[in-house]
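What's in query.cif: mmCIF, C-alpha atoms
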```
data_start
#
loop_
_atom_site.label_atom_id
_atom_site.label_comp_id
_atom_site.auth_asym_id
_atom_site.auth_seq_id
_atom_site.Cartn_x
_atom_site.Cartn_y
_atom_site.Cartn_z
CA MET A 1 156.58 103.17 34.54
CA PRO A 2 158.11 100.48 32.32
CA VAL A 3 157.63 96.90 33.51
CA ALA A 4 160.37 94.27 33.32
CA LEU A 5 159.92 90.52 33.85
CA ILE A 6 163.09 88.70 34.88
CA THR A 7 163.51 84.92 35.14
CA GLY A 8 166.14 83.48 37.44
CA ALA A 9 165.80 86.68 39.45
CA SER A 10 166.62 85.37 42.92
CA ALA A 11 170.42 85.53 42.55
CA GLY A 12 173.35 86.25 40.24
CA LEU A 13 172.77 88.22 37.05
CA GLY A 14 168.99 88.05 37.51
CA ALA A 15 169.14 89.85 40.86
CA GLU A 16 171.61 92.35 39.41
CA PHE A 17 169.23 93.09 36.52
CA ALA A 18 166.49 93.65 39.09
CA ARG A 19 168.59 96.09 41.12
CA GLN A 20 169.76 98.11 38.13
CA LEU A 21 166.31 98.30 36.56
CA ALA A 22 164.68 99.27 39.87
CA ALA A 23 167.27 102.04 40.20
CA ARG A 24 166.07 103.31 36.81
CA GLY A 25 162.46 103.35 38.02
CA ALA A 26 161.17 100.18 36.37
CA ASP A 27 158.46 98.09 38.00
CA LEU A 28 159.36 94.42 38.17
CA VAL A 29 157.99 90.91 37.91
CA LEU A 30 160.52 88.55 39.50
CA VAL A 31 160.45 84.86 38.57
CA ALA A 32 162.46 82.08 40.25
CA ARG A 33 162.06 78.90 42.30
CA ASN A 34 163.44 80.27 45.57
CA VAL A 35 160.46 82.06 47.14
CA ASP A 36 162.32 83.28 50.23
CA ALA A 37 165.10 84.81 48.15
CA LEU A 38 162.57 86.46 45.83
CA ASP A 39 160.61 87.92 48.75
CA GLU A 40 163.77 89.28 50.35
CA LEU A 41 164.96 90.86 47.11
CA ALA A 42 161.52 92.30 46.34
CA ALA A 43 161.24 93.90 49.80
CA GLY A 44 164.64 95.53 49.43
CA LEU A 45 163.79 96.90 45.99
CA ARG A 46 160.44 98.29 47.12
CA ASP A 47 162.02 99.99 50.13
CA GLY A 48 165.12 101.17 48.30
CA PHE A 49 163.63 102.45 45.05
CA GLY A 50 159.88 102.81 45.59
CA VAL A 51 159.01 100.57 42.65
CA ASP A 52 156.25 97.99 42.37
CA VAL A 53 157.60 94.44 42.54
CA GLN A 54 155.53 91.33 41.81
CA VAL A 55 156.90 87.94 42.87
CA MET A 56 156.10 84.88 40.74
CA PRO A 57 157.54 81.64 42.15
CA ALA A 58 158.01 79.26 39.22
CA ASP A 59 160.08 76.26 38.19
CA LEU A 60 160.78 76.60 34.46
CA THR A 61 161.26 72.84 34.11
CA ASP A 62 157.53 72.53 34.92
CA GLU A 63 155.27 73.15 31.92
CA ARG A 64 152.46 74.48 34.10
CA ASP A 65 154.74 77.07 35.66
CA VAL A 66 156.03 78.14 32.25
CA ASP A 67 152.40 78.54 31.17
CA ARG A 68 151.73 80.83 34.15
CA VAL A 69 154.68 83.06 33.34
CA ALA A 70 153.73 83.10 29.64
CA ALA A 71 150.19 84.12 30.57
CA ARG A 72 151.57 87.10 32.51
CA LEU A 73 153.60 88.13 29.46
CA ALA A 74 150.56 87.75 27.22
CA ASP A 75 148.36 89.97 29.41
CA ALA A 76 147.76 93.04 27.25
CA ALA A 77 146.01 94.78 30.15
CA GLU A 78 149.29 94.78 32.12
CA PRO A 79 151.92 94.79 29.39
CA VAL A 80 155.55 93.88 30.00
CA ASP A 81 158.02 96.20 28.27
CA LEU A 82 161.22 94.22 28.90
CA LEU A 83 161.62 90.44 29.16
CA ILE A 84 164.90 89.12 30.52
CA ASN A 85 165.35 85.38 30.01
CA ASN A 86 168.07 84.71 32.56
CA ALA A 87 167.16 81.45 34.32
CA GLY A 88 169.68 78.66 33.90
CA PHE A 89 171.94 76.10 35.50
CA GLY A 90 175.00 74.10 34.52
CA LEU A 91 175.83 70.41 34.27
CA PRO A 92 179.13 68.53 34.09
CA LEU A 93 180.53 68.55 30.57
CA ARG A 94 180.64 64.74 30.26
CA PHE A 95 177.28 64.31 28.52
CA ALA A 96 177.29 60.49 28.40
CA ASP A 97 177.89 60.32 32.17
CA ASN A 98 175.06 62.70 33.07
CA ASP A 99 171.53 61.57 33.91
CA VAL A 100 169.57 62.06 30.69
CA GLU A 101 166.61 63.48 32.65
CA ASP A 102 168.92 66.18 34.01
CA GLU A 103 169.91 66.94 30.43
CA VAL A 104 166.24 67.19 29.43
CA ARG A 105 165.54 69.63 32.27
CA HIS A 106 168.61 71.59 31.23
CA LEU A 107 167.27 71.85 27.68
CA ARG A 108 163.84 72.94 28.92
CA VAL A 109 165.23 75.77 31.03
CA HIS A 110 167.77 77.04 28.49
CA VAL A 111 165.83 76.61 25.24
CA GLU A 112 162.17 75.61 25.57
CA ALA A 113 161.23 78.05 28.35
CA PRO A 114 162.89 81.11 26.73
CA MET A 115 161.31 80.22 23.39
CA ARG A 116 157.83 79.98 24.88
CA LEU A 117 158.24 83.16 26.91
CA MET A 118 159.54 85.05 23.88
CA HIS A 119 156.57 83.82 21.87
CA ALA A 120 154.16 85.14 24.51
CA ALA A 121 155.99 88.45 24.87
CA LEU A 122 156.25 89.11 21.15
CA ARG A 123 152.52 88.73 20.67
CA THR A 124 151.90 91.73 22.97
CA MET A 125 155.03 93.74 22.11
CA ARG A 126 154.57 93.81 18.33
CA GLY A 127 153.42 97.25 17.27
CA ARG A 128 153.66 98.58 20.83
CA GLY A 129 157.40 98.08 21.16
CA GLY A 130 159.53 96.28 23.69
CA ARG A 131 162.84 94.65 24.43
CA ILE A 132 163.91 91.08 25.07
CA VAL A 133 167.29 90.19 26.55
CA ASN A 134 168.28 86.53 26.41
CA VAL A 135 171.21 85.72 28.68
CA ALA A 136 173.45 83.44 26.63
CA SER A 137 177.21 82.99 27.03
CA VAL A 138 180.52 83.20 25.25
CA ALA A 139 180.28 79.40 25.49
CA GLY A 140 177.67 79.62 22.73
CA PHE A 141 180.47 80.39 20.25
CA ILE A 142 182.48 77.28 21.11
CA SER A 143 181.89 73.53 21.58
CA ARG A 144 181.24 72.54 25.19
CA SER A 145 178.62 69.80 25.50
CA THR A 146 174.92 70.68 25.76
CA TYR A 147 175.44 73.99 27.59
CA SER A 148 177.21 75.46 24.57
CA ALA A 149 174.64 73.96 22.23
CA CYS A 150 171.79 75.58 24.17
CA LYS A 151 173.50 78.96 24.25
CA ALA A 152 174.29 78.73 20.53
CA TRP A 153 170.56 78.29 19.89
CA VAL A 154 169.80 81.35 22.00
CA ILE A 155 172.35 83.44 20.09
CA GLY A 156 171.16 82.28 16.68
CA PHE A 157 167.47 82.78 17.44
CA SER A 158 168.08 86.21 18.99
CA ARG A 159 169.95 87.35 15.89
CA TRP A 160 167.06 86.30 13.67
CA ALA A 161 164.32 87.69 15.92
CA ASN A 162 166.08 91.04 16.30
CA ALA A 163 166.01 91.53 12.55
CA GLU A 164 162.56 90.00 12.05
CA TYR A 165 160.72 92.15 14.60
CA ALA A 166 162.65 95.41 14.28
CA SER A 167 159.86 96.88 12.16
CA ASP A 168 157.45 96.13 15.03
CA GLY A 169 159.54 98.16 17.44
CA VAL A 170 160.92 95.11 19.26
CA THR A 171 164.60 94.41 19.86
CA VAL A 172 166.00 91.02 20.86
CA THR A 173 169.51 90.84 22.31
CA ALA A 174 171.61 87.82 23.26
CA LEU A 175 173.83 88.82 26.18
CA CYS A 176 177.01 86.72 26.05
CA PRO A 177 179.24 87.17 29.09
CA GLY A 178 182.31 85.15 29.83
CA PHE A 179 183.21 83.97 33.34
CA THR A 180 181.30 86.21 35.74
CA HIS A 181 181.40 86.45 39.53
CA THR A 182 177.97 85.12 40.58
CA SER A 183 176.69 82.10 42.54
CA PHE A 184 176.39 80.06 39.31
CA HIS A 185 179.61 78.12 39.85
CA GLU A 186 178.96 77.51 43.54
CA ARG A 187 175.55 76.00 42.74
CA MET A 188 177.40 73.49 40.56
CA GLY A 189 179.58 72.51 43.53
CA LEU A 190 182.70 74.26 42.21
CA GLU A 191 184.90 76.08 44.70
CA PRO A 192 185.57 79.76 43.96
CA GLY A 193 188.99 80.26 42.39
CA LYS A 194 189.35 76.60 41.40
CA GLU A 195 187.79 76.64 37.95
CA GLY A 196 191.20 76.93 36.26
CA VAL A 197 190.48 80.50 35.12
CA PRO A 198 192.95 83.35 35.83
CA ALA A 199 191.69 86.47 37.61
CA ILE A 200 191.80 88.51 34.40
CA GLY A 201 189.20 86.19 32.88
CA TRP A 202 186.50 87.13 35.40
CA LEU A 203 183.88 89.84 34.91
CA ASP A 204 181.84 91.81 37.44
CA ALA A 205 178.09 91.11 37.35
CA GLY A 206 177.25 94.81 37.56
CA ASP A 207 179.39 95.60 34.53
CA VAL A 208 177.87 92.73 32.55
CA VAL A 209 174.33 93.91 33.21
CA ARG A 210 175.09 97.56 32.47
CA GLU A 211 176.67 96.72 29.13
CA GLY A 212 173.87 94.30 28.27
CA LEU A 213 171.16 96.88 28.96
CA ARG A 214 173.09 99.51 27.02
CA ASP A 215 173.48 97.24 23.98
CA ALA A 216 169.79 96.25 24.17
CA ALA A 217 168.83 99.95 24.17
CA ARG A 218 170.97 100.35 21.05
CA GLY A 219 169.18 97.48 19.34
CA LYS A 220 172.19 95.17 19.12
CA ALA A 221 171.42 91.53 18.41
CA VAL A 222 174.48 90.24 20.30
CA SER A 223 176.17 91.82 23.30
CA VAL A 224 179.58 90.55 24.42
CA PRO A 225 180.67 92.45 27.54
CA SER A 226 184.33 93.53 27.83
CA THR A 227 187.02 93.93 25.21
CA ARG A 228 188.81 90.75 26.25
CA TYR A 229 185.78 88.57 25.55
CA LYS A 230 185.07 90.36 22.28
CA ILE A 231 188.57 89.25 21.28
CA VAL A 232 187.83 85.68 22.43
CA VAL A 233 184.71 85.58 20.25
CA ALA A 234 186.61 86.99 17.27
CA VAL A 235 189.30 84.33 17.68
CA THR A 236 186.71 81.55 17.64
CA CYS A 237 185.84 82.59 14.09
CA VAL A 238 189.33 81.85 12.77
CA LEU A 239 190.77 78.99 14.86
CA PRO A 240 190.07 75.31 14.00
CA ARG A 241 186.98 74.02 15.80
CA SER A 242 188.91 71.06 17.23
CA LEU A 243 191.42 73.39 18.90
CA ILE A 244 188.66 75.54 20.36
CA ALA A 245 186.88 72.48 21.74
CA ARG A 246 190.04 71.29 23.49
CA ALA A 247 190.69 74.70 25.01
CA ALA A 248 187.09 75.00 26.16
CA ARG A 249 187.16 71.92 28.38
CA ARG A 250 188.38 74.02 31.32
CA GLY A 251 186.02 75.94 33.59
CA ARG A 252 182.40 77.04 33.16
CA MET A 253 180.93 80.11 31.46
#
```

Take the structure in this file and express it as structure tokens.
Amino acid sequence: MPVALITGASAGLGAEFARQLAARGADLVLVARNVDALDELAAGLRDGFGVDVQVMPADLTDERDVDRVAARLADAAEPVDLLINNAGFGLPLRFADNDVEDEVRHLRVHVEAPMRLMHAALRTMRGRGGRIVNVASVAGFISRSTYSACKAWVIGFSRWANAEYASDGVTVTALCPGFTHTSFHERMGLEPGKEGVPAIGWLDAGDVVREGLRDAARGKAVSVPSTRYKIVVAVTCVLPRSLIARAARRGRM
């Protein structure tokens, strides 16, 4: 059976990746801070799909925990076929008003941890084959404080890595959803329906994951779920950056 390692697996897109992959028969390694949520999800997946599920509690702001997850990815005796870098959290957009240590932790989770986990995974996937899905955001195509900057890095690096390691049988895909119904916004203290985003702007988590896995299987470097967000990304290429930045101040992606 293929083995998938998913970070941020206790809720949201991470849990949805776990459910869809388990339904396809994949064994799983679930990584997140919330041990109780991981255990509950793992038990349901084992009972529902008969797959093997390993739980790895880890805080990706902690270097030692990142090292543990990287070591699992580097274990050639138990190779991981699919790495999904999904862990993340949001901060208020007013950078100068945020605690700088919160910003540093934000950078570690969104950039440093995925980079280190990709490095570990690539060293065992090269020649054997494998897939990496990095959950980015449509925000990575616009200017929205450090969240957008982090996601832009993920998109840019994924594009390069997908081309660089194609000959080794490895694909790297940046999954870039827009506003998606998960617990992400609630964890930031935002009330559902009060982000200033119309109903048509919201995506279903199941649809996002299905399209992301499909595009990864096709070897696409960037996956933007839904036609409406593909149009949004296309528009960002032609509108003035200042106009895009002003429009992007509303909501969270």

Exercise for the section: Measure the distance from CA of Thr173 in chain A to CA of Ile132 in chain A in Å and round it to one decimal. Expected result: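 Value for the CA of Thr173 in chain A-CA of Ile132 in chain A distance: 6.2 Å.
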
Which range 28-133 of chain A residues have any atom within 12 Å of an atom of range 158-162 of chain A, and for each, what is the nearest pair of atoms with distance in Å to one decimal, counting all atoms listed in the file, rows sorted by chain and number, as a tab-separated table?
```
residue	atom	partner	partner_atom	distance
A:Asn85	CA	A:Ser158	CA	11.4
A:Val111	CA	A:Ser158	CA	11.7
A:Pro114	CA	A:Ser158	CA	10.6
A:Met115	CA	A:Ser158	CA	10.1
A:Met118	CA	A:Ala161	CA	9.7
A:His119	CA	A:Ala161	CA	10.5
A:Leu122	CA	A:Ala161	CA	9.7
A:Arg126	CA	A:Ala161	CA	11.8
A:Gly130	CA	A:Asn162	CA	11.2
A:Arg131	CA	A:Asn162	CA	9.5
A:Ile132	CA	A:Ser158	CA	8.8
A:Val133	CA	A:Ser158	CA	8.6
```

Exercise for the section: Translate the PyMOL selection byres ((chain A and resi 103) around 12), as applied to the file shown, into an explicit residue set as a ChimeraX atom specification. Expected result: /A:61,89-102,104-111,145-147,149-150

Handout entry: Within-8 Å shell of (169.7, 84.5, 49.4) in input frame, all atoms listed in the file, as a list of chain:residue names
Key = A:Ser10, A:Ala11, A:Asp36, A:Ala37, A:Glu40

Mind writing the picked residues with C-alpha atoms as a PDB file, keeping the file's coordinate frame?
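Written out: part_27.pdb:
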```pdb
ATOM      1  CA  SER A  10     166.620  85.370  42.920  1.00  0.00           C
ATOM      2  CA  ALA A  11     170.420  85.530  42.550  1.00  0.00           C
ATOM      3  CA  ASP A  36     162.320  83.280  50.230  1.00  0.00           C
ATOM      4  CA  ALA A  37     165.100  84.810  48.150  1.00  0.00           C
ATOM      5  CA  GLU A  40     163.770  89.280  50.350  1.00  0.00           C
TER       6      GLU A  40
END
```

Practice task
Name every residue that the PyMOL selection byres ((chain A and resi 78) around 12) selects in this structure, writing the answer as a PyMOL selection string with chains first and numbers rising.
Solution key: chain A and resi 1-5+27-29+71-77+79-81+121+124-125

Exercise for the section: Have a look at CA of Phe49 in chain A and CA of Ala23 in chain A and let me know their distance in Å, one decimal. Expected result: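 Value for the CA of Phe49 in chain A-CA of Ala23 in chain A distance: 6.1 Å.
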